[in-house]
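Enquirer: What follows is a single structure, and I will ask about it in a moment.
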Amino acid sequence: MLDVAIKRRQGSFDLDIAFQAPSQGVTALFGPSGSGKSSVINAIAGLSRPDTGHILLDGAVLFDSARRIDVPVEKRRVGYVFQDSRLFPHMSVLDNLLYGLRRVPQGERRIELEPVTKLLGIDPLLKRRPHTLSGGERQRVAVGRALLAQPRILLMDEPLASLDAARKAEILPYIERLRDELNIPIVFVSHSADEVVRLATTLVLVADGRVRATGTVAELSVRLDLDGAIGGPEAGAVLDTTVIGHDPASRLTALGFDGGELTVPLLGLGIGQSLRVRIQARDVILALEPPSRISVHNMLEGRIIELGEATGPSRDVKIDLGGSFLLARVTQHSVERLGLSVGVQVFALVKSVAFDRVFPGPAGKQIAL
Ligand SMILES: Nc1ncnc2c1ncn2[C@@H]1O[C@H](COP(=O)(O)OP(=O)(O)OP(=O)(O)O)[C@@H](O)[C@H]1O
């Protein structure tokens with residue numbers, strides 16, 4: 001587990017951050033520009049020193065002001081990927097990669113060159129110099145160099161920020177593979193909701209130097225008190241689902257999640273594979289009785305547990321599906337007309353489901369049902 005509780009005054013900015021994150025998966029520090037995200041990972045890396053507090057990684061103390069421990073940067077075994085790749089321009093890709101590896105004694109090497117170049121798809125680039133690479137290729141090499149230094153944790157400070165949409169789309173699957181195939185905790189800084197929804201296991205929402213909320217993406221995506229911090233006008237529930245069946249005759253796939261099932265157009269994924277989906281609040285219609293003879297495939301039964309503040313003419317309604325939650329955006333007029341209030345049983349009709357991955361098979365990114 002990563003355990004961070006630090007305070008630091010920098011100029012007029014006051015950082016006071018505390019969170020814990022599991023050592024598996026990606027912890028995303030998410031918040032607006034200037035909220036203190038980079039300051040947190042600089043402190044974890046040992047590039048800046050907190051005034052007080054502690055930073056522990058799997059029980060090992062990296063910093064503890066009370067015990068006067070401040071492990072120097074080079075001894076922290078932290079991999080750092082910056083916004084700009086910061087490769088050594090005079091070295092080939094291969095030499096950049098080997099730079100970190102050579103500094104680690106043979107016996108301590110768990111991550112070898114070949115699997116890393118394969119994982120990141122950079123085999124064909126090994127002889128090239130950094131200035132001949134695209135931005136996305138450079139970032140993949142920078143990730144490889146950080147990994148080969150055998151880090152206990154990988155810190156990534158907006159590694160996609162300098163890339164255009166096409167380069168981002170190219171590198172995201174590689175970061176997903178790092179998350180899923182390597183057993184190294186990743187702390188990822190981002191101010192893009194799309195990125196964190198796609199990549200994060202744990203989300204730490206940062207604002208004005210403080211932690212506003214910590215939890216899984218699914219938990220925080222349906223929190224009505226966060227004023228749409230994740231997604232804004234496109235707020236919606238994130239559900240972690242599993243592929244439970246295919247019906248090739250009707251060209252449909254069934255996805256199961258805690259509290260229900262969704263039917264989506266046939267996906268080229270194996271049974272049991274996990275799939276994160278997003279259902280935007282504005283794509284959910286509420287009914288008090290199950291309507292008949294309608295085109296919508298997905299109708300989920302649940303109970304209203306919370307109503308958000310009215311924003312303009314509409315309000316977000318949180319529905320407990322029995323293990324998972326959904327948001328529906330309805331008009332204030334509908335709230336009054338249908339008597340929607342806490343405790344009321346409803347049927348949620350889902351108009352479309354968005355996937356954050358592109359699949360083999362016929363599915364697109366956003367699927368209307
Ligand atoms: N060394 C420093 N001295 C004084 N102020 C600093 C220093 N480093 C950062 N700050 C200030 O601390 C605040 C937080 O900066 P930080 O870079 O951590 O934010 P961020 O959330 O990572 O922002 P961005 O997304 O723009 O990178 C900012 O107001 C910044 O100006």
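Just so we're on the same page: first chain in the structure tokens is A, next is B, and so on; residues restart at 1 for each chain, and ligands are numbered from 1 in the order they show up.
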Neighbouring residues of ligand 1 are defined here as those with any atom at most 8 Å from a ligand atom, counting only C-alpha atoms and all ligand atoms; list them as a VMD selection string.

Expert: chain A and resid 9 to 15 31 to 40 157 to 158 189 to 191 206 to 209

Enquirer: Selected residues, C-alpha atoms, written as a short mmCIF file (atom, residue, chain, number, x, y, z; two decimals), in the first residue's frame, please.

Expert:
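This went into again.cif:
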```
data_model
loop_
_atom_site.label_atom_id
_atom_site.label_comp_id
_atom_site.auth_asym_id
_atom_site.auth_seq_id
_atom_site.Cartn_x
_atom_site.Cartn_y
_atom_site.Cartn_z
CA ARG A 9 4.17 25.30 2.03
CA GLN A 10 5.43 26.45 -1.37
CA GLY A 11 5.18 30.21 -1.93
CA SER A 12 1.59 31.12 -1.25
CA PHE A 13 0.41 27.58 -1.96
CA ASP A 14 -0.45 25.32 0.92
CA LEU A 15 -0.30 21.58 0.25
CA GLY A 31 -7.73 17.66 -10.35
CA PRO A 32 -7.50 21.02 -12.05
CA SER A 33 -4.26 22.69 -13.06
CA GLY A 34 -2.42 24.11 -10.06
CA SER A 35 -4.23 21.93 -7.52
CA GLY A 36 -1.02 20.29 -6.31
CA LYS A 37 -0.88 16.97 -8.17
CA SER A 38 2.72 17.30 -9.38
CA SER A 39 3.78 18.51 -5.96
CA VAL A 40 2.51 15.21 -4.52
CA ASP A 157 3.05 13.10 -14.47
CA GLU A 158 0.57 13.74 -17.29
CA VAL A 189 -1.35 12.47 -12.67
CA SER A 190 -4.04 13.73 -14.99
CA HIS A 191 -6.61 16.42 -15.45
CA VAL A 206 -7.28 16.88 -5.58
CA ALA A 207 -8.41 20.51 -5.31
CA ASP A 208 -6.58 23.52 -3.84
CA GLY A 209 -3.86 21.41 -2.29
#
```

Enquirer: What lies within 12 Å of A:Ile44 using only C-alpha atoms, ignoring chain neighbours under 6 positions off, as a ChimeraX atom specification?

Expert: /A:2-6,17,37-38,50,53-57,61-64,70-73,76-80,152-157,186-187

Enquirer: Quick one: residues within 7 Å of A:Pro130, only C-alpha atoms counted, chain neighbours fewer than 5 positions away excluded, as a count of residues only?

Expert: 5

Enquirer: Which neighbours of stretch 113-115 of chain A fall inside 10 Å, counting only C-alpha atoms, when residues of the same chain fewer than 5 positions from it are skipped, and could you give them as a list in words?

Expert: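 These residues fall inside the cut-off: Leu94, Leu97, Leu98, Leu101, Leu120, Gly121, Ile122, Asp123, Gly144, Arg145, Leu147 and Leu148 of chain A.
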
Enquirer: Selected residues, N, CA and C atoms, written as an mmCIF file, in the first residue's frame, please.

Expert:
```cif
data_model
loop_
_atom_site.group_PDB
_atom_site.id
_atom_site.type_symbol
_atom_site.label_atom_id
_atom_site.label_comp_id
_atom_site.auth_asym_id
_atom_site.auth_seq_id
_atom_site.Cartn_x
_atom_site.Cartn_y
_atom_site.Cartn_z
ATOM 1 N N LEU A 94 18.031 2.273 -27.567
ATOM 2 C CA LEU A 94 18.541 1.147 -26.778
ATOM 3 C C LEU A 94 19.396 1.644 -25.615
ATOM 4 N N LEU A 97 17.367 3.046 -22.922
ATOM 5 C CA LEU A 97 16.708 2.003 -22.140
ATOM 6 C C LEU A 97 17.684 1.347 -21.166
ATOM 7 N N LEU A 98 18.909 1.108 -21.665
ATOM 8 C CA LEU A 98 19.882 0.386 -20.838
ATOM 9 C C LEU A 98 20.452 1.262 -19.722
ATOM 10 N N LEU A 101 18.907 0.286 -16.481
ATOM 11 C CA LEU A 101 19.151 -1.126 -16.172
ATOM 12 C C LEU A 101 20.578 -1.355 -15.673
ATOM 13 N N LEU A 120 5.863 -2.628 -24.757
ATOM 14 C CA LEU A 120 5.645 -1.242 -25.190
ATOM 15 C C LEU A 120 5.704 -1.078 -26.710
ATOM 16 N N GLY A 121 5.946 -2.183 -27.402
ATOM 17 C CA GLY A 121 5.983 -2.117 -28.863
ATOM 18 C C GLY A 121 7.106 -1.247 -29.397
ATOM 19 N N ILE A 122 8.277 -1.265 -28.745
ATOM 20 C CA ILE A 122 9.363 -0.386 -29.200
ATOM 21 C C ILE A 122 10.555 -1.157 -29.781
ATOM 22 N N ASP A 123 10.388 -2.462 -29.991
ATOM 23 C CA ASP A 123 11.455 -3.261 -30.627
ATOM 24 C C ASP A 123 12.012 -2.603 -31.889
ATOM 25 N N GLY A 144 9.622 2.809 -20.840
ATOM 26 C CA GLY A 144 10.524 1.653 -20.822
ATOM 27 C C GLY A 144 11.770 1.938 -19.994
ATOM 28 N N ARG A 145 12.344 3.120 -20.189
ATOM 29 C CA ARG A 145 13.557 3.462 -19.427
ATOM 30 C C ARG A 145 13.255 3.489 -17.928
ATOM 31 N N LEU A 147 10.927 1.820 -16.372
ATOM 32 C CA LEU A 147 10.666 0.454 -15.885
ATOM 33 C C LEU A 147 11.953 -0.340 -15.696
ATOM 34 N N LEU A 148 12.903 -0.126 -16.616
ATOM 35 C CA LEU A 148 14.127 -0.931 -16.556
ATOM 36 C C LEU A 148 15.027 -0.529 -15.390
#
```

Enquirer: Find, counting only C-alpha atoms, the residue in A:Gly100, A:Gly260, A:Pro173, A:Asp164 that gets nearest to A:Gln150.

Expert: A:Gly100

Enquirer: As a tab-separated table (two decimals) with N, CA and C atoms, in the first residue's frame, which residues of stretch 110-244 of chain A does DSSP assign to alpha helix (DSSP H)?

Expert:
```tsv
chain	number	residue	atom	x	y	z
A	113	LEU	N	15.03	-6.37	-20.44
A	113	LEU	CA	14.88	-5.54	-21.63
A	113	LEU	C	13.81	-6.06	-22.59
A	114	GLU	N	13.92	-7.36	-22.94
A	114	GLU	CA	13.07	-7.86	-24.02
A	114	GLU	C	11.56	-7.79	-23.72
A	115	PRO	N	11.14	-8.27	-22.54
A	115	PRO	CA	9.71	-8.16	-22.27
A	115	PRO	C	9.22	-6.70	-22.29
A	116	VAL	N	10.07	-5.79	-21.85
A	116	VAL	CA	9.65	-4.38	-21.82
A	116	VAL	C	9.49	-3.82	-23.23
A	117	THR	N	10.47	-4.13	-24.11
A	117	THR	CA	10.36	-3.59	-25.48
A	117	THR	C	9.16	-4.20	-26.19
A	118	LYS	N	8.86	-5.46	-25.86
A	118	LYS	CA	7.68	-6.11	-26.46
A	118	LYS	C	6.39	-5.48	-25.93
A	119	LEU	N	6.34	-5.36	-24.61
A	119	LEU	CA	5.14	-4.81	-23.97
A	119	LEU	C	4.82	-3.41	-24.52
A	135	GLY	N	6.03	11.82	-30.82
A	135	GLY	CA	5.81	12.09	-29.39
A	135	GLY	C	5.37	10.84	-28.63
A	136	GLY	N	4.47	10.07	-29.26
A	136	GLY	CA	3.97	8.85	-28.60
A	136	GLY	C	5.07	7.81	-28.44
A	137	GLU	N	5.90	7.68	-29.49
A	137	GLU	CA	7.01	6.72	-29.41
A	137	GLU	C	8.00	7.14	-28.32
A	138	ARG	N	8.27	8.44	-28.26
A	138	ARG	CA	9.20	8.93	-27.23
A	138	ARG	C	8.67	8.61	-25.83
A	139	GLN	N	7.37	8.81	-25.63
A	139	GLN	CA	6.81	8.54	-24.31
A	139	GLN	C	6.88	7.05	-23.98
A	140	ARG	N	6.69	6.19	-24.98
A	140	ARG	CA	6.78	4.76	-24.71
A	140	ARG	C	8.21	4.38	-24.33
A	141	VAL	N	9.19	5.02	-24.99
A	141	VAL	CA	10.59	4.74	-24.62
A	141	VAL	C	10.86	5.26	-23.20
A	142	ALA	N	10.30	6.42	-22.89
A	142	ALA	CA	10.52	6.98	-21.54
A	142	ALA	C	9.93	6.05	-20.48
A	143	VAL	N	8.78	5.45	-20.78
A	143	VAL	CA	8.17	4.49	-19.84
A	143	VAL	C	9.10	3.28	-19.71
A	144	GLY	N	9.62	2.81	-20.84
A	144	GLY	CA	10.52	1.65	-20.82
A	144	GLY	C	11.77	1.94	-19.99
A	145	ARG	N	12.34	3.12	-20.19
A	145	ARG	CA	13.56	3.46	-19.43
A	145	ARG	C	13.26	3.49	-17.93
A	146	ALA	N	12.11	4.07	-17.58
A	146	ALA	CA	11.74	4.12	-16.15
A	146	ALA	C	11.55	2.70	-15.60
A	147	LEU	N	10.93	1.82	-16.37
A	147	LEU	CA	10.67	0.45	-15.88
A	147	LEU	C	11.95	-0.34	-15.70
A	148	LEU	N	12.90	-0.13	-16.62
A	148	LEU	CA	14.13	-0.93	-16.56
A	148	LEU	C	15.03	-0.53	-15.39
A	165	ALA	N	-4.58	13.78	-29.94
A	165	ALA	CA	-5.55	12.71	-29.66
A	165	ALA	C	-5.12	11.37	-30.26
A	166	ALA	N	-4.55	11.42	-31.46
A	166	ALA	CA	-4.17	10.16	-32.12
A	166	ALA	C	-3.02	9.49	-31.37
A	167	ARG	N	-2.02	10.29	-30.94
A	167	ARG	CA	-0.89	9.71	-30.19
A	167	ARG	C	-1.35	9.19	-28.83
A	168	LYS	N	-2.31	9.91	-28.23
A	168	LYS	CA	-2.85	9.44	-26.94
A	168	LYS	C	-3.50	8.08	-27.11
A	169	ALA	N	-4.30	7.96	-28.16
A	169	ALA	CA	-5.01	6.70	-28.40
A	169	ALA	C	-4.00	5.59	-28.64
A	170	GLU	N	-2.84	5.95	-29.19
A	170	GLU	CA	-1.81	4.94	-29.48
A	170	GLU	C	-1.15	4.45	-28.19
A	171	ILE	N	-0.95	5.34	-27.24
A	171	ILE	CA	-0.17	4.95	-26.05
A	171	ILE	C	-1.04	4.41	-24.91
A	172	LEU	N	-2.32	4.79	-24.88
A	172	LEU	CA	-3.18	4.34	-23.77
A	172	LEU	C	-3.21	2.82	-23.59
A	173	PRO	N	-3.34	2.07	-24.68
A	173	PRO	CA	-3.37	0.61	-24.49
A	173	PRO	C	-2.09	0.08	-23.85
A	174	TYR	N	-0.95	0.73	-24.11
A	174	TYR	CA	0.30	0.27	-23.50
A	174	TYR	C	0.28	0.51	-21.99
A	175	ILE	N	-0.28	1.65	-21.60
A	175	ILE	CA	-0.35	1.93	-20.16
A	175	ILE	C	-1.32	0.95	-19.51
A	176	GLU	N	-2.39	0.60	-20.22
A	176	GLU	CA	-3.31	-0.41	-19.69
A	176	GLU	C	-2.58	-1.74	-19.50
A	177	ARG	N	-1.71	-2.07	-20.44
A	177	ARG	CA	-0.97	-3.34	-20.31
A	177	ARG	C	-0.02	-3.30	-19.12
A	178	LEU	N	0.61	-2.14	-18.90
A	178	LEU	CA	1.47	-2.02	-17.71
A	178	LEU	C	0.65	-2.31	-16.47
A	179	ARG	N	-0.53	-1.71	-16.43
A	179	ARG	CA	-1.41	-1.88	-15.27
A	179	ARG	C	-1.80	-3.34	-15.08
A	180	ASP	N	-2.13	-4.01	-16.20
A	180	ASP	CA	-2.69	-5.35	-16.10
A	180	ASP	C	-1.64	-6.45	-16.05
A	181	GLU	N	-0.45	-6.19	-16.59
A	181	GLU	CA	0.52	-7.29	-16.72
A	181	GLU	C	1.74	-7.15	-15.79
A	193	ALA	N	-10.66	13.68	-17.48
A	193	ALA	CA	-11.61	12.71	-16.93
A	193	ALA	C	-11.59	11.42	-17.74
A	194	ASP	N	-11.48	11.55	-19.06
A	194	ASP	CA	-11.49	10.36	-19.91
A	194	ASP	C	-10.33	9.42	-19.56
A	195	GLU	N	-9.15	10.02	-19.37
A	195	GLU	CA	-7.98	9.19	-19.04
A	195	GLU	C	-8.16	8.46	-17.72
A	196	VAL	N	-8.61	9.19	-16.70
A	196	VAL	CA	-8.70	8.53	-15.40
A	196	VAL	C	-9.82	7.49	-15.38
A	197	VAL	N	-10.91	7.77	-16.08
A	197	VAL	CA	-11.99	6.77	-16.11
A	197	VAL	C	-11.50	5.50	-16.78
A	198	ARG	N	-10.65	5.69	-17.76
A	198	ARG	CA	-10.17	4.52	-18.49
A	198	ARG	C	-9.09	3.74	-17.71
A	199	LEU	N	-8.21	4.48	-17.03
A	199	LEU	CA	-7.02	3.82	-16.49
A	199	LEU	C	-7.05	3.54	-14.99
A	217	VAL	N	-13.08	4.37	-9.10
A	217	VAL	CA	-13.72	5.20	-10.11
A	217	VAL	C	-15.24	5.00	-10.06
A	218	ALA	N	-15.66	3.73	-9.88
A	218	ALA	CA	-17.09	3.45	-9.83
A	218	ALA	C	-17.75	4.20	-8.67
A	219	GLU	N	-17.10	4.20	-7.52
A	219	GLU	CA	-17.67	4.89	-6.35
A	219	GLU	C	-17.79	6.39	-6.58
A	220	LEU	N	-16.68	6.98	-7.05
A	220	LEU	CA	-16.67	8.44	-7.16
A	220	LEU	C	-17.51	8.94	-8.34
A	221	SER	N	-17.68	8.08	-9.36
A	221	SER	CA	-18.44	8.52	-10.53
A	221	SER	C	-19.90	8.81	-10.20
```

Enquirer: With only C-alpha atoms counted and 12 Å as the cut-off, give the residues of stretch 250-288 of chain A in contact with stretch 306-318 of chain A, each with its shortest interatomic distance in Å and the pair that gives it, as JSON lines.

Expert:
```
{"residue": "A:Gln280", "atom": "CA", "partner": "A:Asp316", "partner_atom": "CA", "distance": 10.7}
{"residue": "A:Ala281", "atom": "CA", "partner": "A:Asp316", "partner_atom": "CA", "distance": 7.1}
{"residue": "A:Arg282", "atom": "CA", "partner": "A:Asp316", "partner_atom": "CA", "distance": 8.8}
{"residue": "A:Asp283", "atom": "CA", "partner": "A:Asp316", "partner_atom": "CA", "distance": 11.6}
{"residue": "A:Val284", "atom": "CA", "partner": "A:Val317", "partner_atom": "CA", "distance": 10.0}
{"residue": "A:Ile285", "atom": "CA", "partner": "A:Val317", "partner_atom": "CA", "distance": 10.5}
{"residue": "A:Leu286", "atom": "CA", "partner": "A:Val317", "partner_atom": "CA", "distance": 9.4}
```

Enquirer: Show which residues sit within 12 Å of A:Gly322, as a list in words. Count only C-alpha atoms, and ignore same-chain residues fewer than 6 positions away.

Expert: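 Counting only the stated atoms, we get Phe257, Asp258, Gly259, Gly260, Glu261, Leu300, Glu301, Gly302, Arg303, Ile304, Ile305 and Gln345 of chain A.
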
Enquirer: Write the selection just made, keeping C-alpha atoms, as a short mmCIF file (atom, residue, chain, number, x, y, z; two decimals), in the first residue's frame?

Expert:
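As written to disk, again-v7.cif reads:
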```cif
data_model
loop_
_atom_site.label_atom_id
_atom_site.label_comp_id
_atom_site.auth_asym_id
_atom_site.auth_seq_id
_atom_site.Cartn_x
_atom_site.Cartn_y
_atom_site.Cartn_z
CA PHE A 257 -22.17 -6.53 -12.82
CA ASP A 258 -23.10 -6.38 -9.14
CA GLY A 259 -26.81 -5.86 -9.19
CA GLY A 260 -27.69 -6.47 -12.81
CA GLU A 261 -26.97 -7.24 -16.43
CA LEU A 300 -32.63 -1.99 -14.70
CA GLU A 301 -34.76 -2.02 -11.59
CA GLY A 302 -33.62 -0.03 -8.57
CA ARG A 303 -34.45 2.38 -5.80
CA ILE A 304 -33.75 6.10 -5.60
CA ILE A 305 -31.28 6.82 -2.81
CA GLN A 345 -38.71 2.11 -6.84
#
```

Enquirer: Choose the residue, out of A:Leu163, A:Ile294, A:Val204, A:Leu239, that has the smallest atom-to-atom separation from A:Leu275; count only C-alpha atoms.

Expert: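 Checking each of A:Leu163, A:Ile294, A:Val204, A:Leu239 against A:Leu275, counting only C-alpha atoms, the winner is A:Leu239.
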
Enquirer: Residues of stretch 79-316 of chain A classed as strand (DSSP E) by DSSP on the backbone are to be reported as a count of residues only.

Expert: 74

Enquirer: For A:Ser23, please output as an mmCIF file with N, CA and C atoms, in the first residue's frame all residues within 8 Å (counting only C-alpha atoms; exclusion window: fewer than 6 positions along the same chain).

Expert:
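Saved the output as selection-v1.cif:
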```
data_model
loop_
_atom_site.group_PDB
_atom_site.id
_atom_site.type_symbol
_atom_site.label_atom_id
_atom_site.label_comp_id
_atom_site.auth_asym_id
_atom_site.auth_seq_id
_atom_site.Cartn_x
_atom_site.Cartn_y
_atom_site.Cartn_z
ATOM 1 N N MET A 1 0.829 -1.195 0.000
ATOM 2 C CA MET A 1 0.000 0.000 0.000
ATOM 3 C C MET A 1 0.870 1.254 0.000
ATOM 4 N N LEU A 2 0.386 2.273 -0.682
ATOM 5 C CA LEU A 2 1.054 3.582 -0.672
ATOM 6 C C LEU A 2 0.307 4.451 0.337
ATOM 7 N N ASP A 58 4.491 0.110 0.756
ATOM 8 C CA ASP A 58 4.501 -1.274 1.244
ATOM 9 C C ASP A 58 5.277 -1.388 2.553
ATOM 10 N N ILE A 184 3.477 -3.631 -10.667
ATOM 11 C CA ILE A 184 4.103 -2.429 -10.109
ATOM 12 C C ILE A 184 3.016 -1.372 -9.913
ATOM 13 N N PRO A 185 2.941 -0.813 -8.712
ATOM 14 C CA PRO A 185 1.939 0.245 -8.535
ATOM 15 C C PRO A 185 2.269 1.463 -9.398
#
```

Enquirer: Would you mind reading off the distance between atom CA of A:Gly272 and atom CA of A:Val243, one decimal, in Å?

Expert: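 Here the two named atoms are 5.1 Å from each other.
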
Enquirer: Measuring between only C-alpha atoms, which one of A:Ile279, A:Ala287, A:Ala149, A:Val353 shows the shortest distance to A:Gln106?

Expert: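 Distance minimum relative to A:Gln106 lands on A:Ala149.
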
Enquirer: When distances are computed from only C-alpha atoms, which of A:Val342, A:Asp227, A:Phe355, A:Ser292 shows the smallest separation from A:Leu267?

Expert: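 Of the candidates, the smallest distance to A:Leu267 is held by A:Phe355.
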
Enquirer: Let me make sure I understand: among A:Ile111, A:Ala348, A:Ala213, A:Leu262, which one has the smallest atom-to-atom distance to A:Asp225 if we use only C-alpha atoms?

Expert: A:Ala213

Enquirer: Kindly indicate which residue among A:Leu125, A:Leu252, A:Ala200, A:Ala354 lies nearest to A:Gly236, using only C-alpha atoms for the distances.

Expert: A:Ala354
